[in-house]
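> My structure is below; once you've seen it, I'll send some questions.
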Amino acid sequence: MVGVLLLLLLLPFFLYIAAPKIRKMLCSGVCTSTVQLPGKVAVVTGANTGIGKETAKELAQRGARVYLACRDIQKGELVAREIQTMTGNQQVLVRKLDLADTKSIRAFAKDFLAEEKHLHILINNAGVMMCPYSKTADGFEMHMGVNHLGHFLLTHLLLEKLKESAPSRVVNVSSLAHHLGRIHFHNLQGEKFYNAGLAYCHSKLANILFTQELARRLKGSGVTTYSVHPGTVNSELVRHSPFMKWMWWLFSFFIKTPKQGAQTSLYCAITEGLEILNGHHFSDCSVAWVSAQARNETIARRLWDVSCDLLGIPMD
């Protein structure tokens with residue numbers, strides 16, 4: 001008993017000593033591309049905080065015209081001014097986008113298409129995690145509605161512009177949590193049974209399945225797409241879970257910063273020669289293994305058709 005107590009007392013000390021080495025091991029993977037992006041147009045969802053903010057900042061630093069697609073316009077404007085000041089790039093624009101409301105998504109896409117002639121990079125970054133059971137404005141379970149269906153619709157509405165601007169890329173931010181995910185078509189909206197943690201996992205699996213099916217359908221179009229696991233990142237994503245916030249605090253030594261978490265998104269968005277890996281999943285700037293469920297083409301195609309049906313998109 002005394003030994004156990006002593007171990008618990010000494011654990012924080014050992015963690016502190018080991019933290020730099022462990023953090024370095026966990027945070028490997030840096031986008032080393034020197035590609036510059038003058039004349040390129042990028043959209044980053046959820047760009048007013050966390051990984052999205054750091055991704056947008058780096059794209060702006062490289063000279064791109066960057067749209068911060070945010071639900072909170074005021075926060076977005078503050079971030080835009082910060083990025084403009086830091087990078088000297090004044091082409092950082094904020095536009096309203098609420099992924100929990102298809103009317104907002106359609107309005108964003110309509111205005112963007114009227115404003116811009118090109119779109120070279122679409123980063124579907126925004127997301128929610130471990131929300132209490134709730135529904136979007138259109139009646140979709142919040143995780144599936146925001147993380148998957150919202151980005152599915154946004155990508156669909158911007159797809160022709162991406163094709164016209166080819167070569168172009170779509171990056172979908174998923175998670176290692178997809179390994180626990182399942183697509184329960186009979187309970188897609190969580191009305192029969194619901195678990196907040198698993199609902200997040202299901203939506204992250206949907207991100208990967210969407211990426212793979214999109215890649216299959218866009219083959220030869222000049223538009224390529226990738227899904228990414230950013231790592232365990234210190235961000236606002238855990239705001240709905242006191243337990244996860246406590247865990248993030250407890251293991252803060254080992255958690256990536258938002259800048260570190262943005263590296264794989266950037267790698268997939270700008271690295272030259274990545275087209276041959278269209279549809280693949282990445283972690284720490286390298287191709288990563290996905291679950292058997294995530295490799296199931298039958299599920300991917302059915303999810304595509306069901307998503308089109310739910311969103312009122314004609315199936316081809």
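Here, A, B, ... name the chains of the structure tokens in the order displayed, residue numbers run from 1 inside each chain, and ligands are numbered from 1 in the same displayed order.
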Please provide as a ChimeraX atom specification all residues within 9 Å of range 289-293 of chain A, with the sequence filter that same-chain residues fewer than 3 positions apart are discarded (counting only C-alpha atoms).

/A:176,178-183,205,208-209,281-283,296-297,299

> Go ahead and save the picked residues with N, CA, C and O atoms, as a PDB file, in the first residue's frame.


ATOM      1  N   LEU A 176      -8.503   9.532 -34.954  1.00  0.00           N
ATOM      2  CA  LEU A 176      -8.189   8.153 -34.591  1.00  0.00           C
ATOM      3  C   LEU A 176      -9.408   7.478 -33.976  1.00  0.00           C
ATOM      4  O   LEU A 176      -9.555   6.252 -34.025  1.00  0.00           O
ATOM      5  N   HIS A 178     -12.157   7.160 -35.072  1.00  0.00           N
ATOM      6  CA  HIS A 178     -13.001   6.461 -36.054  1.00  0.00           C
ATOM      7  C   HIS A 178     -12.939   4.943 -35.866  1.00  0.00           C
ATOM      8  O   HIS A 178     -13.858   4.228 -36.285  1.00  0.00           O
ATOM      9  N   HIS A 179     -11.860   4.458 -35.229  1.00  0.00           N
ATOM     10  CA  HIS A 179     -11.723   3.022 -35.011  1.00  0.00           C
ATOM     11  C   HIS A 179     -12.857   2.469 -34.145  1.00  0.00           C
ATOM     12  O   HIS A 179     -13.173   1.273 -34.225  1.00  0.00           O
ATOM     13  N   LEU A 180     -13.459   3.309 -33.321  1.00  0.00           N
ATOM     14  CA  LEU A 180     -14.584   2.876 -32.485  1.00  0.00           C
ATOM     15  C   LEU A 180     -15.926   3.160 -33.143  1.00  0.00           C
ATOM     16  O   LEU A 180     -16.976   2.849 -32.580  1.00  0.00           O
ATOM     17  N   GLY A 181     -15.901   3.742 -34.319  1.00  0.00           N
ATOM     18  CA  GLY A 181     -17.128   4.150 -34.990  1.00  0.00           C
ATOM     19  C   GLY A 181     -17.799   3.034 -35.774  1.00  0.00           C
ATOM     20  O   GLY A 181     -17.151   2.097 -36.251  1.00  0.00           O
ATOM     21  N   ARG A 182     -19.101   3.156 -35.908  1.00  0.00           N
ATOM     22  CA  ARG A 182     -19.912   2.276 -36.743  1.00  0.00           C
ATOM     23  C   ARG A 182     -20.999   3.133 -37.384  1.00  0.00           C
ATOM     24  O   ARG A 182     -21.483   4.091 -36.770  1.00  0.00           O
ATOM     25  N   ILE A 183     -21.390   2.778 -38.592  1.00  0.00           N
ATOM     26  CA  ILE A 183     -22.490   3.493 -39.232  1.00  0.00           C
ATOM     27  C   ILE A 183     -23.757   2.660 -39.056  1.00  0.00           C
ATOM     28  O   ILE A 183     -23.956   1.649 -39.725  1.00  0.00           O
ATOM     29  N   LEU A 205     -15.808   8.328 -38.406  1.00  0.00           N
ATOM     30  CA  LEU A 205     -15.775   7.250 -39.400  1.00  0.00           C
ATOM     31  C   LEU A 205     -16.446   7.713 -40.681  1.00  0.00           C
ATOM     32  O   LEU A 205     -15.954   7.445 -41.787  1.00  0.00           O
ATOM     33  N   ILE A 208     -14.147   9.637 -43.001  1.00  0.00           N
ATOM     34  CA  ILE A 208     -13.218   8.829 -43.796  1.00  0.00           C
ATOM     35  C   ILE A 208     -13.939   8.142 -44.943  1.00  0.00           C
ATOM     36  O   ILE A 208     -13.451   8.103 -46.080  1.00  0.00           O
ATOM     37  N   LEU A 209     -15.121   7.608 -44.674  1.00  0.00           N
ATOM     38  CA  LEU A 209     -15.905   6.954 -45.723  1.00  0.00           C
ATOM     39  C   LEU A 209     -16.280   7.955 -46.819  1.00  0.00           C
ATOM     40  O   LEU A 209     -16.234   7.637 -48.011  1.00  0.00           O
ATOM     41  N   HIS A 281      -5.860   8.197 -45.903  1.00  0.00           N
ATOM     42  CA  HIS A 281      -5.951   8.789 -44.572  1.00  0.00           C
ATOM     43  C   HIS A 281      -4.541   9.060 -44.054  1.00  0.00           C
ATOM     44  O   HIS A 281      -3.641   8.228 -44.242  1.00  0.00           O
ATOM     45  N   PHE A 282      -4.357  10.215 -43.393  1.00  0.00           N
ATOM     46  CA  PHE A 282      -3.024  10.626 -42.943  1.00  0.00           C
ATOM     47  C   PHE A 282      -3.008  10.966 -41.453  1.00  0.00           C
ATOM     48  O   PHE A 282      -3.997  11.457 -40.897  1.00  0.00           O
ATOM     49  N   SER A 283      -1.871  10.712 -40.845  1.00  0.00           N
ATOM     50  CA  SER A 283      -1.600  11.119 -39.470  1.00  0.00           C
ATOM     51  C   SER A 283      -0.123  11.451 -39.370  1.00  0.00           C
ATOM     52  O   SER A 283       0.714  10.734 -39.938  1.00  0.00           O
ATOM     53  N   ASN A 296     -14.592  -0.221 -45.966  1.00  0.00           N
ATOM     54  CA  ASN A 296     -15.728  -0.930 -46.547  1.00  0.00           C
ATOM     55  C   ASN A 296     -16.403  -0.081 -47.630  1.00  0.00           C
ATOM     56  O   ASN A 296     -17.109   0.888 -47.323  1.00  0.00           O
ATOM     57  N   GLU A 297     -16.165  -0.423 -48.891  1.00  0.00           N
ATOM     58  CA  GLU A 297     -16.709   0.364 -49.999  1.00  0.00           C
ATOM     59  C   GLU A 297     -18.233   0.312 -50.054  1.00  0.00           C
ATOM     60  O   GLU A 297     -18.872   1.288 -50.456  1.00  0.00           O
ATOM     61  N   ILE A 299     -20.331   0.157 -47.497  1.00  0.00           N
ATOM     62  CA  ILE A 299     -20.842   1.111 -46.504  1.00  0.00           C
ATOM     63  C   ILE A 299     -20.632   2.538 -46.990  1.00  0.00           C
ATOM     64  O   ILE A 299     -21.503   3.395 -46.833  1.00  0.00           O
TER      65      ILE A 299
END

> What are the DSSP alpha helix (DSSP H) residues of range 252-302 of chain A, as an NGL selection string?

:A and (258-261 or 263-270 or 297-302)

> Could you pull out the strand (DSSP E) residues of range 155-195 of chain A from DSSP and send them as an MDAnalysis selection string?

chainID A and resid 168:173

> Can I get the selection written as an mmCIF file, in the first residue's frame, with N, CA, C and O atoms?


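Output file result28.cif is given in full below:
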data_model
loop_
_atom_site.group_PDB
_atom_site.id
_atom_site.type_symbol
_atom_site.label_atom_id
_atom_site.label_comp_id
_atom_site.auth_asym_id
_atom_site.auth_seq_id
_atom_site.Cartn_x
_atom_site.Cartn_y
_atom_site.Cartn_z
ATOM 1 N N SER A 168 -7.023 20.939 -57.464
ATOM 2 C CA SER A 168 -7.526 21.447 -56.192
ATOM 3 C C SER A 168 -7.672 20.289 -55.211
ATOM 4 O O SER A 168 -7.626 19.121 -55.617
ATOM 5 N N ARG A 169 -7.855 20.635 -53.948
ATOM 6 C CA ARG A 169 -7.876 19.593 -52.918
ATOM 7 C C ARG A 169 -8.956 19.833 -51.868
ATOM 8 O O ARG A 169 -9.276 20.977 -51.539
ATOM 9 N N VAL A 170 -9.468 18.717 -51.338
ATOM 10 C CA VAL A 170 -10.403 18.730 -50.213
ATOM 11 C C VAL A 170 -9.761 17.933 -49.082
ATOM 12 O O VAL A 170 -9.350 16.788 -49.281
ATOM 13 N N VAL A 171 -9.672 18.544 -47.911
ATOM 14 C CA VAL A 171 -9.106 17.879 -46.738
ATOM 15 C C VAL A 171 -10.185 17.769 -45.669
ATOM 16 O O VAL A 171 -10.762 18.779 -45.259
ATOM 17 N N ASN A 172 -10.465 16.545 -45.236
ATOM 18 C CA ASN A 172 -11.481 16.301 -44.210
ATOM 19 C C ASN A 172 -10.807 15.894 -42.905
ATOM 20 O O ASN A 172 -10.091 14.889 -42.858
ATOM 21 N N VAL A 173 -11.032 16.665 -41.853
ATOM 22 C CA VAL A 173 -10.415 16.368 -40.563
ATOM 23 C C VAL A 173 -11.237 15.305 -39.846
ATOM 24 O O VAL A 173 -12.379 15.534 -39.470
#

> List the neighbours of range 110-119 of chain A out to 7 Å using only C-alpha atoms; skip same-chain residues closer than 5 positions along the sequence, and give me the result as number ranges by chain.

A: 41-42, 161-162, 165

> Go through A:Leu311, A:Ala177, A:Leu266, A:Ala206 and flag the residue nearest Met130 in chain A, using only C-alpha atoms for the distances.

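Looking at the shortest contact to Met130 in chain A, the residue is A:Ala177.
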
> Please measure the separation of CA of Lys96 in chain A and CA of Leu68 in chain A, giving the value in Å to one decimal.

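Pair CA of Lys96 in chain A / CA of Leu68 in chain A returns 8.4 Å.
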
> Find the residues near Ala107 in chain A: any atom within 12 Å, counting only C-alpha atoms, skip ones fewer than 4 places away on the same chain, and give them as a count of residues only.

17

> Residues within 12 Å of Asp309 in chain A, please, as a PDB file with N, CA and C atoms, in the first residue's frame. Count only C-alpha atoms; anything in the same chain fewer than 6 positions from it doesn't count.


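Dumped to selection17.pdb:
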ATOM      1  N   LEU A 149     -22.666  15.507 -42.289  1.00  0.00           N
ATOM      2  CA  LEU A 149     -23.644  16.000 -43.265  1.00  0.00           C
ATOM      3  C   LEU A 149     -23.411  17.464 -43.640  1.00  0.00           C
ATOM      4  N   PHE A 152     -20.500  17.456 -45.940  1.00  0.00           N
ATOM      5  CA  PHE A 152     -20.915  16.767 -47.163  1.00  0.00           C
ATOM      6  C   PHE A 152     -21.653  17.751 -48.077  1.00  0.00           C
ATOM      7  N   LEU A 153     -22.604  18.488 -47.511  1.00  0.00           N
ATOM      8  CA  LEU A 153     -23.369  19.456 -48.294  1.00  0.00           C
ATOM      9  C   LEU A 153     -22.482  20.592 -48.789  1.00  0.00           C
ATOM     10  N   ARG A 302     -23.244   3.365 -49.605  1.00  0.00           N
ATOM     11  CA  ARG A 302     -24.578   3.501 -49.008  1.00  0.00           C
ATOM     12  C   ARG A 302     -24.677   4.789 -48.197  1.00  0.00           C
ATOM     13  N   LEU A 303     -23.621   5.122 -47.465  1.00  0.00           N
ATOM     14  CA  LEU A 303     -23.623   6.363 -46.692  1.00  0.00           C
ATOM     15  C   LEU A 303     -23.751   7.563 -47.624  1.00  0.00           C
ATOM     16  N   MET A 315     -29.251  11.966 -56.485  1.00  0.00           N
ATOM     17  CA  MET A 315     -28.267  10.887 -56.537  1.00  0.00           C
ATOM     18  C   MET A 315     -27.930  10.571 -57.982  1.00  0.00           C
ATOM     19  N   ASP A 316     -26.612  10.464 -58.282  1.00  0.00           N
ATOM     20  CA  ASP A 316     -26.221  10.145 -59.649  1.00  0.00           C
ATOM     21  C   ASP A 316     -25.759   8.707 -59.754  1.00  0.00           C
TER      22      ASP A 316
END

> Mind checking which residues fall within 8 Å of Thr55 in chain A, counting only C-alpha atoms, ignoring those fewer than 4 positions away in the same chain, and posting them as a list of chain:residue names?

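Returned residues: A:Val44, A:Ala47, A:Ile51, A:Leu59, A:Lys259, A:Ala262, A:Gln263, A:Ser265, A:Leu266.
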
> Work out how far apart CA of Leu78 in chain A and CA of Pro230 in chain A are and give it in Å to one decimal.

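One can read the CA of Leu78 in chain A to CA of Pro230 in chain A distance as 24.3 Å.
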
> Which residue is closest to Ala300 in chain A? Choose from A:His151, A:Lys75, A:Lys57, A:Arg217 and count only C-alpha atoms.

A:Arg217

> What gap, in Å, lies between CA of Pro167 in chain A and CA of Gly222 in chain A?

4.8 Å

> Could you list, as a PyMOL selection string, every residue within 9 Å of Val30 in chain A, counting only C-alpha atoms and ignoring same-chain residues fewer than 4 positions away?

chain A and resi 260+263-264+267+284-285

> List every residue of range 195-223 of chain A that has an atom at most 9 Å from any atom of range 304-307 of chain A, and for each one report the closest atom pair and its distance in Å to one decimal, counting only C-alpha atoms, with rows sorted by chain and then by increasing residue number, as JSON lines.


{"residue": "A:Leu209", "atom": "CA", "partner": "A:Trp304", "partner_atom": "CA", "distance": 8.5}
{"residue": "A:Phe210", "atom": "CA", "partner": "A:Trp304", "partner_atom": "CA", "distance": 6.9}
{"residue": "A:Glu213", "atom": "CA", "partner": "A:Trp304", "partner_atom": "CA", "distance": 7.5}
{"residue": "A:Leu214", "atom": "CA", "partner": "A:Trp304", "partner_atom": "CA", "distance": 8.8}

> Would you mind telling me which residue in A:Gly50, A:Gly231, A:Gly127, A:Pro38 lies nearest to Gly145 in chain A when using only C-alpha atoms?

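For Gly145 in chain A, the nearest of the given residues is A:Gly127.
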